[in-house]
$ cat upload.tsv   # TSV, C-alpha atoms
chain	number	residue	atom	x	y	z
A	23	SER	CA	-62.51	-24.96	10.93
A	24	GLN	CA	-65.89	-23.41	10.17
A	25	LYS	CA	-66.60	-23.02	6.51
A	26	ILE	CA	-69.45	-21.43	4.55
A	27	GLU	CA	-69.54	-22.14	0.83
A	28	GLN	CA	-71.49	-20.33	-1.81
A	29	ASN	CA	-71.11	-20.90	-5.52
A	30	SER	CA	-68.37	-18.55	-6.66
A	31	GLU	CA	-69.53	-18.64	-10.26
A	32	ALA	CA	-72.14	-16.13	-11.28
A	33	LEU	CA	-75.62	-17.48	-11.91
A	34	ASN	CA	-77.12	-16.27	-15.19
A	35	ILE	CA	-80.84	-16.72	-15.72
A	36	GLN	CA	-83.58	-15.29	-17.88
A	37	GLU	CA	-86.20	-12.94	-16.60
A	38	GLY	CA	-89.25	-14.74	-15.29
A	39	LYS	CA	-87.38	-17.90	-14.27
A	40	THR	CA	-86.69	-19.02	-10.71
A	41	ALA	CA	-83.19	-18.39	-9.39
A	42	THR	CA	-81.85	-20.87	-6.83
A	43	LEU	CA	-78.75	-20.08	-4.81
A	44	THR	CA	-77.00	-22.52	-2.48
A	45	CYS	CA	-75.27	-22.06	0.85
A	46	ASN	CA	-73.41	-25.03	2.38
A	47	TYR	CA	-71.63	-25.01	5.70
A	48	THR	CA	-69.34	-27.34	7.63
A	49	ASN	CA	-68.16	-27.55	11.23
A	50	TYR	CA	-70.94	-25.25	12.31
A	51	SER	CA	-74.21	-25.57	14.21
A	52	PRO	CA	-75.97	-22.29	13.51
A	53	ALA	CA	-78.93	-21.13	15.53
A	54	TYR	CA	-80.10	-19.21	12.50
A	55	LEU	CA	-79.17	-18.37	8.97
A	56	GLN	CA	-79.70	-15.11	7.10
A	57	TRP	CA	-79.62	-14.00	3.48
A	58	TYR	CA	-78.48	-10.55	2.38
A	59	ARG	CA	-78.33	-8.75	-0.92
A	60	GLN	CA	-75.37	-6.57	-1.83
A	61	ASP	CA	-75.20	-4.22	-4.81
A	62	PRO	CA	-71.83	-2.91	-6.09
A	63	GLY	CA	-70.43	-0.19	-3.86
A	64	ARG	CA	-73.21	-0.59	-1.30
A	65	GLY	CA	-73.67	-2.23	2.06
A	66	PRO	CA	-75.52	-5.55	2.43
A	67	VAL	CA	-79.28	-5.40	2.87
A	68	PHE	CA	-81.09	-7.96	5.00
A	69	LEU	CA	-83.61	-10.15	3.17
A	70	LEU	CA	-84.66	-13.15	5.25
A	71	LEU	CA	-83.84	-14.98	8.46
A	72	ILE	CA	-84.58	-18.65	9.15
A	73	ARG	CA	-84.07	-20.41	12.46
A	74	GLU	CA	-82.65	-23.90	13.01
A	75	ASN	CA	-86.08	-25.30	13.88
A	76	GLU	CA	-87.69	-23.90	10.72
A	77	LYS	CA	-87.67	-25.71	7.39
A	78	GLU	CA	-88.88	-22.96	5.13
A	79	LYS	CA	-89.56	-19.21	5.12
A	80	ARG	CA	-91.23	-17.05	2.49
A	81	LYS	CA	-91.42	-13.36	1.80
A	82	GLU	CA	-93.09	-12.16	-1.38
A	83	ARG	CA	-91.05	-13.71	-4.25
A	84	LEU	CA	-88.35	-15.01	-1.92
A	85	LYS	CA	-88.17	-18.44	-0.32
A	86	VAL	CA	-85.49	-19.88	1.93
A	87	THR	CA	-85.09	-23.47	3.05
A	88	PHE	CA	-82.85	-24.71	5.82
A	89	ASP	CA	-81.76	-28.35	6.12
A	90	THR	CA	-79.62	-28.81	9.25
A	91	THR	CA	-79.00	-32.46	8.37
A	92	LEU	CA	-77.56	-31.62	4.96
A	93	LYS	CA	-76.06	-28.42	6.40
A	94	GLN	CA	-77.50	-26.49	3.52
A	95	SER	CA	-79.76	-23.56	2.78
A	96	LEU	CA	-81.38	-22.84	-0.57
A	97	PHE	CA	-82.49	-19.34	-1.54
A	98	HIS	CA	-85.09	-19.02	-4.29
A	99	ILE	CA	-86.26	-15.94	-6.18
A	100	THR	CA	-89.35	-16.69	-8.24
A	101	ALA	CA	-90.39	-14.68	-11.31
A	102	SER	CA	-86.94	-13.10	-11.36
A	103	GLN	CA	-86.45	-9.60	-12.72
A	104	PRO	CA	-83.36	-7.74	-14.00
A	105	ALA	CA	-83.60	-5.62	-10.82
A	106	ASP	CA	-82.84	-8.78	-8.82
A	107	SER	CA	-79.30	-8.79	-10.28
A	108	ALA	CA	-76.93	-8.47	-7.33
A	109	THR	CA	-74.65	-10.51	-5.09
A	110	TYR	CA	-76.45	-12.59	-2.50
A	111	LEU	CA	-74.73	-13.38	0.79
A	112	CYS	CA	-75.47	-16.18	3.20
A	113	ALA	CA	-74.66	-15.54	6.88
A	114	LEU	CA	-74.78	-17.80	9.93
A	115	ALA	CA	-74.91	-17.09	13.65
A	116	ALA	CA	-74.28	-19.55	16.45
A	117	SER	CA	-76.82	-17.88	18.70
A	118	GLY	CA	-79.04	-14.86	19.00
A	119	TYR	CA	-76.23	-12.91	20.58
A	120	SER	CA	-73.30	-13.96	18.46
A	121	THR	CA	-71.81	-12.31	15.42
A	122	LEU	CA	-72.55	-13.25	11.84
A	123	THR	CA	-70.18	-15.27	9.68
A	124	PHE	CA	-70.64	-14.56	5.98
A	125	GLY	CA	-70.07	-16.59	2.86
A	126	LYS	CA	-68.36	-14.91	-0.09
A	127	GLY	CA	-71.62	-14.55	-1.95
A	128	THR	CA	-72.98	-15.54	-5.33
A	129	MET	CA	-73.59	-13.03	-8.09
A	130	LEU	CA	-76.96	-13.34	-9.81
A	131	LEU	CA	-77.48	-11.87	-13.26
A	132	VAL	CA	-81.02	-11.75	-14.61
A	133	SER	CA	-81.23	-10.89	-18.28
A	134	PRO	CA	-84.36	-9.45	-19.94
B	29	ASN	CA	-85.53	7.02	10.72
B	30	ALA	CA	-82.06	7.37	9.28
B	31	GLY	CA	-80.17	4.19	8.60
B	32	VAL	CA	-76.66	3.37	9.71
B	33	MET	CA	-74.45	6.29	8.79
B	34	GLN	CA	-70.80	5.84	7.99
B	35	ASN	CA	-68.32	8.54	7.16
B	36	PRO	CA	-66.34	9.26	5.28
B	37	ARG	CA	-67.48	7.21	2.28
B	38	HIS	CA	-64.02	7.34	0.78
B	39	LEU	CA	-60.75	7.85	2.61
B	40	VAL	CA	-57.28	8.05	1.13
B	41	ARG	CA	-54.29	7.77	3.44
B	42	ARG	CA	-50.56	7.56	2.85
B	43	ARG	CA	-48.66	4.66	4.36
B	44	GLY	CA	-47.91	5.35	8.00
B	45	GLN	CA	-50.85	7.74	8.57
B	46	GLU	CA	-53.85	7.10	10.77
B	47	ALA	CA	-57.33	6.31	9.52
B	48	ARG	CA	-60.46	7.02	11.56
B	49	LEU	CA	-63.74	5.54	10.41
B	50	ARG	CA	-67.00	6.62	12.00
B	51	CYS	CA	-70.30	4.83	12.37
B	52	SER	CA	-73.57	6.12	13.79
B	53	PRO	CA	-75.96	3.21	14.41
B	54	MET	CA	-79.66	3.33	13.78
B	55	LYS	CA	-81.71	4.98	16.49
B	56	GLY	CA	-82.41	2.55	19.30
B	57	HIS	CA	-79.66	0.13	18.33
B	58	SER	CA	-77.14	-0.61	21.03
B	59	HIS	CA	-75.02	-3.18	19.19
B	60	VAL	CA	-72.41	-2.23	16.60
B	61	TYR	CA	-70.31	-4.52	14.42
B	62	TRP	CA	-67.42	-3.74	12.12
B	63	TYR	CA	-66.62	-5.88	9.08
B	64	ARG	CA	-63.91	-5.65	6.44
B	65	GLN	CA	-64.41	-6.65	2.83
B	66	LEU	CA	-61.54	-7.15	0.42
B	67	PRO	CA	-62.10	-7.39	-3.35
B	68	GLU	CA	-63.43	-10.84	-4.29
B	69	GLU	CA	-63.61	-11.74	-0.59
B	70	GLY	CA	-66.50	-12.08	1.79
B	71	LEU	CA	-67.25	-9.87	4.74
B	72	LYS	CA	-64.87	-10.64	7.59
B	73	PHE	CA	-65.96	-9.89	11.13
B	74	MET	CA	-63.64	-7.59	13.05
B	75	VAL	CA	-65.23	-6.40	16.28
B	76	TYR	CA	-68.55	-6.31	18.14
B	77	LEU	CA	-69.28	-3.49	20.56
B	78	GLN	CA	-72.02	-2.30	22.83
B	79	LYS	CA	-72.06	1.12	24.44
B	80	GLU	CA	-68.73	1.57	26.25
B	81	ASN	CA	-67.92	-2.15	25.94
B	82	ILE	CA	-66.03	-4.35	23.53
B	83	ILE	CA	-67.89	-7.65	23.45
B	84	ASP	CA	-65.85	-9.57	20.88
B	85	GLU	CA	-62.72	-8.37	19.12
B	86	SER	CA	-61.56	-11.77	17.93
B	87	GLY	CA	-61.52	-10.70	14.28
B	88	MET	CA	-59.50	-7.56	14.75
B	89	PRO	CA	-55.70	-7.55	14.31
B	90	LYS	CA	-53.99	-7.10	17.66
B	91	GLU	CA	-51.70	-4.37	16.42
B	92	ARG	CA	-52.59	-0.98	14.93
B	93	PHE	CA	-56.38	-1.55	15.06
B	94	SER	CA	-58.70	-0.35	17.79
B	95	ALA	CA	-62.41	0.31	18.13
B	96	GLU	CA	-64.65	2.13	20.54
B	97	PHE	CA	-68.32	2.89	21.02
B	98	PRO	CA	-68.56	5.68	23.58
B	99	LYS	CA	-71.61	6.54	25.63
B	100	GLU	CA	-72.17	9.58	23.41
B	101	GLY	CA	-71.27	9.82	19.76
B	102	PRO	CA	-70.46	7.41	16.98
B	103	SER	CA	-68.46	4.23	17.03
B	104	ILE	CA	-64.90	4.73	15.80
B	105	LEU	CA	-62.63	2.22	14.09
B	106	ARG	CA	-59.08	3.46	14.23
B	107	ILE	CA	-56.21	2.14	12.17
B	108	GLN	CA	-52.78	3.44	13.06
B	109	GLN	CA	-49.77	3.45	10.74
B	110	VAL	CA	-51.77	2.19	7.78
B	111	VAL	CA	-50.20	-0.15	5.24
B	112	ARG	CA	-51.27	-0.98	1.69
B	113	GLY	CA	-52.86	-4.21	2.88
B	114	ASP	CA	-55.36	-2.20	4.94
B	115	SER	CA	-56.99	-0.98	1.72
B	116	ALA	CA	-60.51	-2.40	1.80
B	117	ALA	CA	-64.16	-1.52	2.31
B	118	TYR	CA	-65.04	-1.29	5.98
B	119	PHE	CA	-68.68	-1.82	6.86
B	120	CYS	CA	-70.44	-1.04	10.08
B	121	ALA	CA	-73.69	-2.74	11.07
B	122	SER	CA	-76.03	-2.20	13.98
B	123	SER	CA	-78.78	-4.25	15.54
B	124	PRO	CA	-81.22	-3.95	18.40
B	125	PRO	CA	-80.48	-5.79	21.65
B	126	TRP	CA	-82.22	-8.96	20.55
B	127	ASN	CA	-79.88	-9.20	17.57
B	128	THR	CA	-81.83	-10.78	14.74
B	129	GLU	CA	-81.08	-8.86	11.58
B	130	ALA	CA	-78.17	-6.51	11.05
B	131	PHE	CA	-78.53	-3.14	9.34
B	132	PHE	CA	-75.46	-2.14	7.38
B	133	GLY	CA	-74.09	1.24	6.46
B	134	GLN	CA	-72.81	2.04	2.99
B	135	GLY	CA	-69.24	1.47	4.03
B	136	THR	CA	-65.99	3.43	4.03
B	137	ARG	CA	-63.61	2.64	1.22
B	138	LEU	CA	-60.08	3.06	2.51
B	139	THR	CA	-57.28	3.39	0.00
B	140	VAL	CA	-53.71	3.43	1.24
B	141	VAL	CA	-51.23	4.93	-1.20
$ encode --input "upload.tsv" --output "structure tokens"
Amino acid sequence: SQKIEQNSEALNIQEGKTATLTCNYTNYSPAYLQWYRQDPGRGPVFLLLIRENEKEKRKERLKVTFDTTLKQSLFHITASQPADSATYLCALAASGYSTLTFGKGTMLLVSP
Amino acid sequence: NAGVMQNPRHLVRRRGQEARLRCSPMKGHSHVYWYRQLPEEGLKFMVYLQKENIIDESGMPKERFSAEFPKEGPSILRIQQVVRGDSAAYFCASSPPWNTEAFFGQGTRLTVV
């Protein structure tokens, strides 16, 4: 069955460092992959989308890579700030008109 | 441009009652999705609707749950005869027809007592 795995353990880093979060998937051939941020008690907020034919995407301090051979995406936040502390969700879609399948998310804690 | 609006934010129901959750998508969005999130669990897809049509309801339990997105008005997720296991956060998302990113509401937290 399709599986999306994100590190269940919280990632603790110091302010100013680069945070790297991992999303692995099996039994899936996604057309695109998305990353969302979710704060406690709030709905997820879209951050970045990367398509299957793209290797890397950047937006300000965020960078996403997508390796369809390894079936893995890495999500980087450079120069991290305490305000970046949240849970980050990886989501995959089989096509542009299909629904999203989410991982359970990884909590990031950035300490001053 | 208001975002996706869900109401109520919090809903308490006794076992056996009905719960109605409402979702108004962003202006111009014709696709609505409902997800359920249990504590320590990821978002689980329930149903995907377009105006007056259910496109995919593969994630929705066959019994007691129903969803609609009428021509006018919000999308409604209806849970009949609620049980304790229905307690969860229910999120609605909307997207434009070309379906790239999804915009989520703040969710309805349903507590069944």
$ atom_distance --input "upload.tsv" --atom1 "atom CA of B:Leu105" --atom2 "atom CA of B:Glu46"
10.6 Å
$ residues_around --input "upload.tsv" --residues "stretch 37-52 of chain A" --least-positions-apart "2" --cutoff "9 Å" --atoms "all atoms listed in the file" --output "PyMOL selection string"
chain A and resi 23-29+33-35+54-55+73-74+90+92-104+110-117+125+127-128+130+132-134
$ closest_residue --input "upload.tsv" --among "B:Leu77, B:Ala30, B:Met54, B:Val110" --to "B:Glu91" --atoms "all atoms listed in the file"
B:Val110
$ closest_residue --input "upload.tsv" --among "B:Met88, B:Ala130, B:Ala47, B:Val141" --to "chain A" --atoms "all atoms listed in the file"
B:Ala130
$ atom_distance --input "upload.tsv" --atom1 "atom CA of B:Asp114" --atom2 "atom CA of B:Gly135"
14.4 Å
$ interface_residues --input "upload.tsv" --of "chain A" --to "chain B" --cutoff "8 Å" --atoms "only C-alpha atoms" --output "ChimeraX atom specification"
/A:56,63-68,71,118-119,121-127
$ write_last_selection --input "upload.tsv" --atoms "C-alpha atoms" --output "compact mmCIF listing (two decimals), keeping the file's coordinate frame"
# COMPACT_ATOMS: atom_id res chain seq x y z
CA GLN A 56 -79.70 -15.11 7.10
CA GLY A 63 -70.43 -0.19 -3.86
CA ARG A 64 -73.21 -0.59 -1.30
CA GLY A 65 -73.67 -2.23 2.06
CA PRO A 66 -75.52 -5.55 2.43
CA VAL A 67 -79.28 -5.40 2.87
CA PHE A 68 -81.09 -7.96 5.00
CA LEU A 71 -83.84 -14.98 8.46
CA GLY A 118 -79.04 -14.86 19.00
CA TYR A 119 -76.23 -12.91 20.58
CA THR A 121 -71.81 -12.31 15.42
CA LEU A 122 -72.55 -13.25 11.84
CA THR A 123 -70.18 -15.27 9.68
CA PHE A 124 -70.64 -14.56 5.98
CA GLY A 125 -70.07 -16.59 2.86
CA LYS A 126 -68.36 -14.91 -0.09
CA GLY A 127 -71.62 -14.55 -1.95
$ atom_distance --input "upload.tsv" --atom1 "atom CA of A:Leu69" --atom2 "atom CA of A:Lys85"
10.1 Å
$ closest_residue --input "upload.tsv" --among "A:Ser107, A:Leu70, A:Thr91, A:Asn75" --to "A:Ala53" --atoms "all atoms listed in the file"
A:Asn75
$ closest_residue --input "upload.tsv" --among "B:Ser103, B:Gln78, B:Gln108, B:Ser123" --to "B:Arg42" --atoms "only C-alpha atoms"
B:Gln108
$ closest_residue --input "upload.tsv" --among "A:Ser30, A:Thr109, A:Ser120, A:Gln36" --to "A:Gln60" --atoms "all atoms listed in the file"
A:Thr109
$ build_atoms --input "upload.tsv" --residues "stretch 106-128 of chain B" --atoms "N, CA, C and O atoms" --output "mmCIF file, keeping the file's coordinate frame"
data_model
loop_
_atom_site.group_PDB
_atom_site.id
_atom_site.type_symbol
_atom_site.label_atom_id
_atom_site.label_comp_id
_atom_site.auth_asym_id
_atom_site.auth_seq_id
_atom_site.Cartn_x
_atom_site.Cartn_y
_atom_site.Cartn_z
ATOM 1 N N ARG B 106 -60.318 2.708 14.403
ATOM 2 C CA ARG B 106 -59.080 3.460 14.230
ATOM 3 C C ARG B 106 -57.982 2.521 13.753
ATOM 4 O O ARG B 106 -57.771 1.453 14.347
ATOM 5 N N ILE B 107 -57.325 2.923 12.684
ATOM 6 C CA ILE B 107 -56.210 2.140 12.170
ATOM 7 C C ILE B 107 -54.973 3.033 12.177
ATOM 8 O O ILE B 107 -54.925 4.055 11.488
ATOM 9 N N GLN B 108 -54.004 2.647 12.970
ATOM 10 C CA GLN B 108 -52.780 3.440 13.060
ATOM 11 C C GLN B 108 -51.746 2.913 12.069
ATOM 12 O O GLN B 108 -51.741 1.716 11.737
ATOM 13 N N GLN B 109 -50.887 3.822 11.617
ATOM 14 C CA GLN B 109 -49.770 3.450 10.740
ATOM 15 C C GLN B 109 -50.224 2.533 9.606
ATOM 16 O O GLN B 109 -49.750 1.408 9.474
ATOM 17 N N VAL B 110 -51.164 3.028 8.815
ATOM 18 C CA VAL B 110 -51.770 2.190 7.780
ATOM 19 C C VAL B 110 -50.735 1.683 6.795
ATOM 20 O O VAL B 110 -49.731 2.335 6.513
ATOM 21 N N VAL B 111 -51.025 0.468 6.283
ATOM 22 C CA VAL B 111 -50.200 -0.150 5.240
ATOM 23 C C VAL B 111 -51.116 -0.449 4.054
ATOM 24 O O VAL B 111 -52.346 -0.407 4.172
ATOM 25 N N ARG B 112 -50.488 -0.766 2.901
ATOM 26 C CA ARG B 112 -51.270 -0.980 1.690
ATOM 27 C C ARG B 112 -52.308 -2.088 1.879
ATOM 28 O O ARG B 112 -53.416 -2.032 1.350
ATOM 29 N N GLY B 113 -51.954 -3.089 2.656
ATOM 30 C CA GLY B 113 -52.860 -4.210 2.880
ATOM 31 C C GLY B 113 -54.118 -3.852 3.656
ATOM 32 O O GLY B 113 -55.050 -4.663 3.725
ATOM 33 N N ASP B 114 -54.150 -2.648 4.228
ATOM 34 C CA ASP B 114 -55.360 -2.200 4.940
ATOM 35 C C ASP B 114 -56.416 -1.670 3.970
ATOM 36 O O ASP B 114 -57.556 -1.418 4.374
ATOM 37 N N SER B 115 -56.033 -1.481 2.722
ATOM 38 C CA SER B 115 -56.990 -0.980 1.720
ATOM 39 C C SER B 115 -58.137 -1.973 1.579
ATOM 40 O O SER B 115 -57.918 -3.151 1.267
ATOM 41 N N ALA B 116 -59.337 -1.514 1.812
ATOM 42 C CA ALA B 116 -60.510 -2.400 1.800
ATOM 43 C C ALA B 116 -61.748 -1.531 2.003
ATOM 44 O O ALA B 116 -61.651 -0.330 2.268
ATOM 45 N N ALA B 117 -62.907 -2.173 1.910
ATOM 46 C CA ALA B 117 -64.160 -1.520 2.310
ATOM 47 C C ALA B 117 -64.454 -1.961 3.738
ATOM 48 O O ALA B 117 -64.410 -3.156 4.043
ATOM 49 N N TYR B 118 -64.737 -0.999 4.588
ATOM 50 C CA TYR B 118 -65.040 -1.290 5.980
ATOM 51 C C TYR B 118 -66.524 -0.969 6.218
ATOM 52 O O TYR B 118 -66.967 0.160 5.988
ATOM 53 N N PHE B 119 -67.249 -1.985 6.648
ATOM 54 C CA PHE B 119 -68.680 -1.820 6.860
ATOM 55 C C PHE B 119 -68.999 -1.884 8.352
ATOM 56 O O PHE B 119 -68.445 -2.700 9.092
ATOM 57 N N CYS B 120 -69.911 -1.046 8.743
ATOM 58 C CA CYS B 120 -70.440 -1.040 10.080
ATOM 59 C C CYS B 120 -71.884 -1.535 10.002
ATOM 60 O O CYS B 120 -72.599 -1.243 9.029
ATOM 61 N N ALA B 121 -72.300 -2.297 10.991
ATOM 62 C CA ALA B 121 -73.690 -2.740 11.070
ATOM 63 C C ALA B 121 -74.171 -2.516 12.495
ATOM 64 O O ALA B 121 -73.378 -2.523 13.445
ATOM 65 N N SER B 122 -75.471 -2.311 12.638
ATOM 66 C CA SER B 122 -76.030 -2.200 13.980
ATOM 67 C C SER B 122 -77.259 -3.088 14.088
ATOM 68 O O SER B 122 -77.866 -3.465 13.069
ATOM 69 N N SER B 123 -77.581 -3.448 15.307
ATOM 70 C CA SER B 123 -78.780 -4.250 15.540
ATOM 71 C C SER B 123 -79.347 -3.885 16.901
ATOM 72 O O SER B 123 -78.635 -3.359 17.762
ATOM 73 N N PRO B 124 -80.625 -4.168 17.075
ATOM 74 C CA PRO B 124 -81.220 -3.950 18.400
ATOM 75 C C PRO B 124 -80.719 -5.008 19.368
ATOM 76 O O PRO B 124 -80.052 -5.951 18.944
ATOM 77 N N PRO B 125 -81.029 -4.874 20.644
ATOM 78 C CA PRO B 125 -80.480 -5.790 21.650
ATOM 79 C C PRO B 125 -80.763 -7.260 21.392
ATOM 80 O O PRO B 125 -79.959 -8.112 21.737
ATOM 81 N N TRP B 126 -81.885 -7.566 20.750
ATOM 82 C CA TRP B 126 -82.220 -8.960 20.550
ATOM 83 C C TRP B 126 -81.549 -9.555 19.312
ATOM 84 O O TRP B 126 -81.674 -10.724 19.045
ATOM 85 N N ASN B 127 -80.843 -8.717 18.558
ATOM 86 C CA ASN B 127 -79.880 -9.200 17.570
ATOM 87 C C ASN B 127 -80.420 -10.232 16.591
ATOM 88 O O ASN B 127 -79.976 -11.367 16.572
ATOM 89 N N THR B 128 -81.399 -9.863 15.788
ATOM 90 C CA THR B 128 -81.830 -10.780 14.740
ATOM 91 C C THR B 128 -81.203 -10.360 13.418
ATOM 92 O O THR B 128 -80.280 -10.981 12.944
#
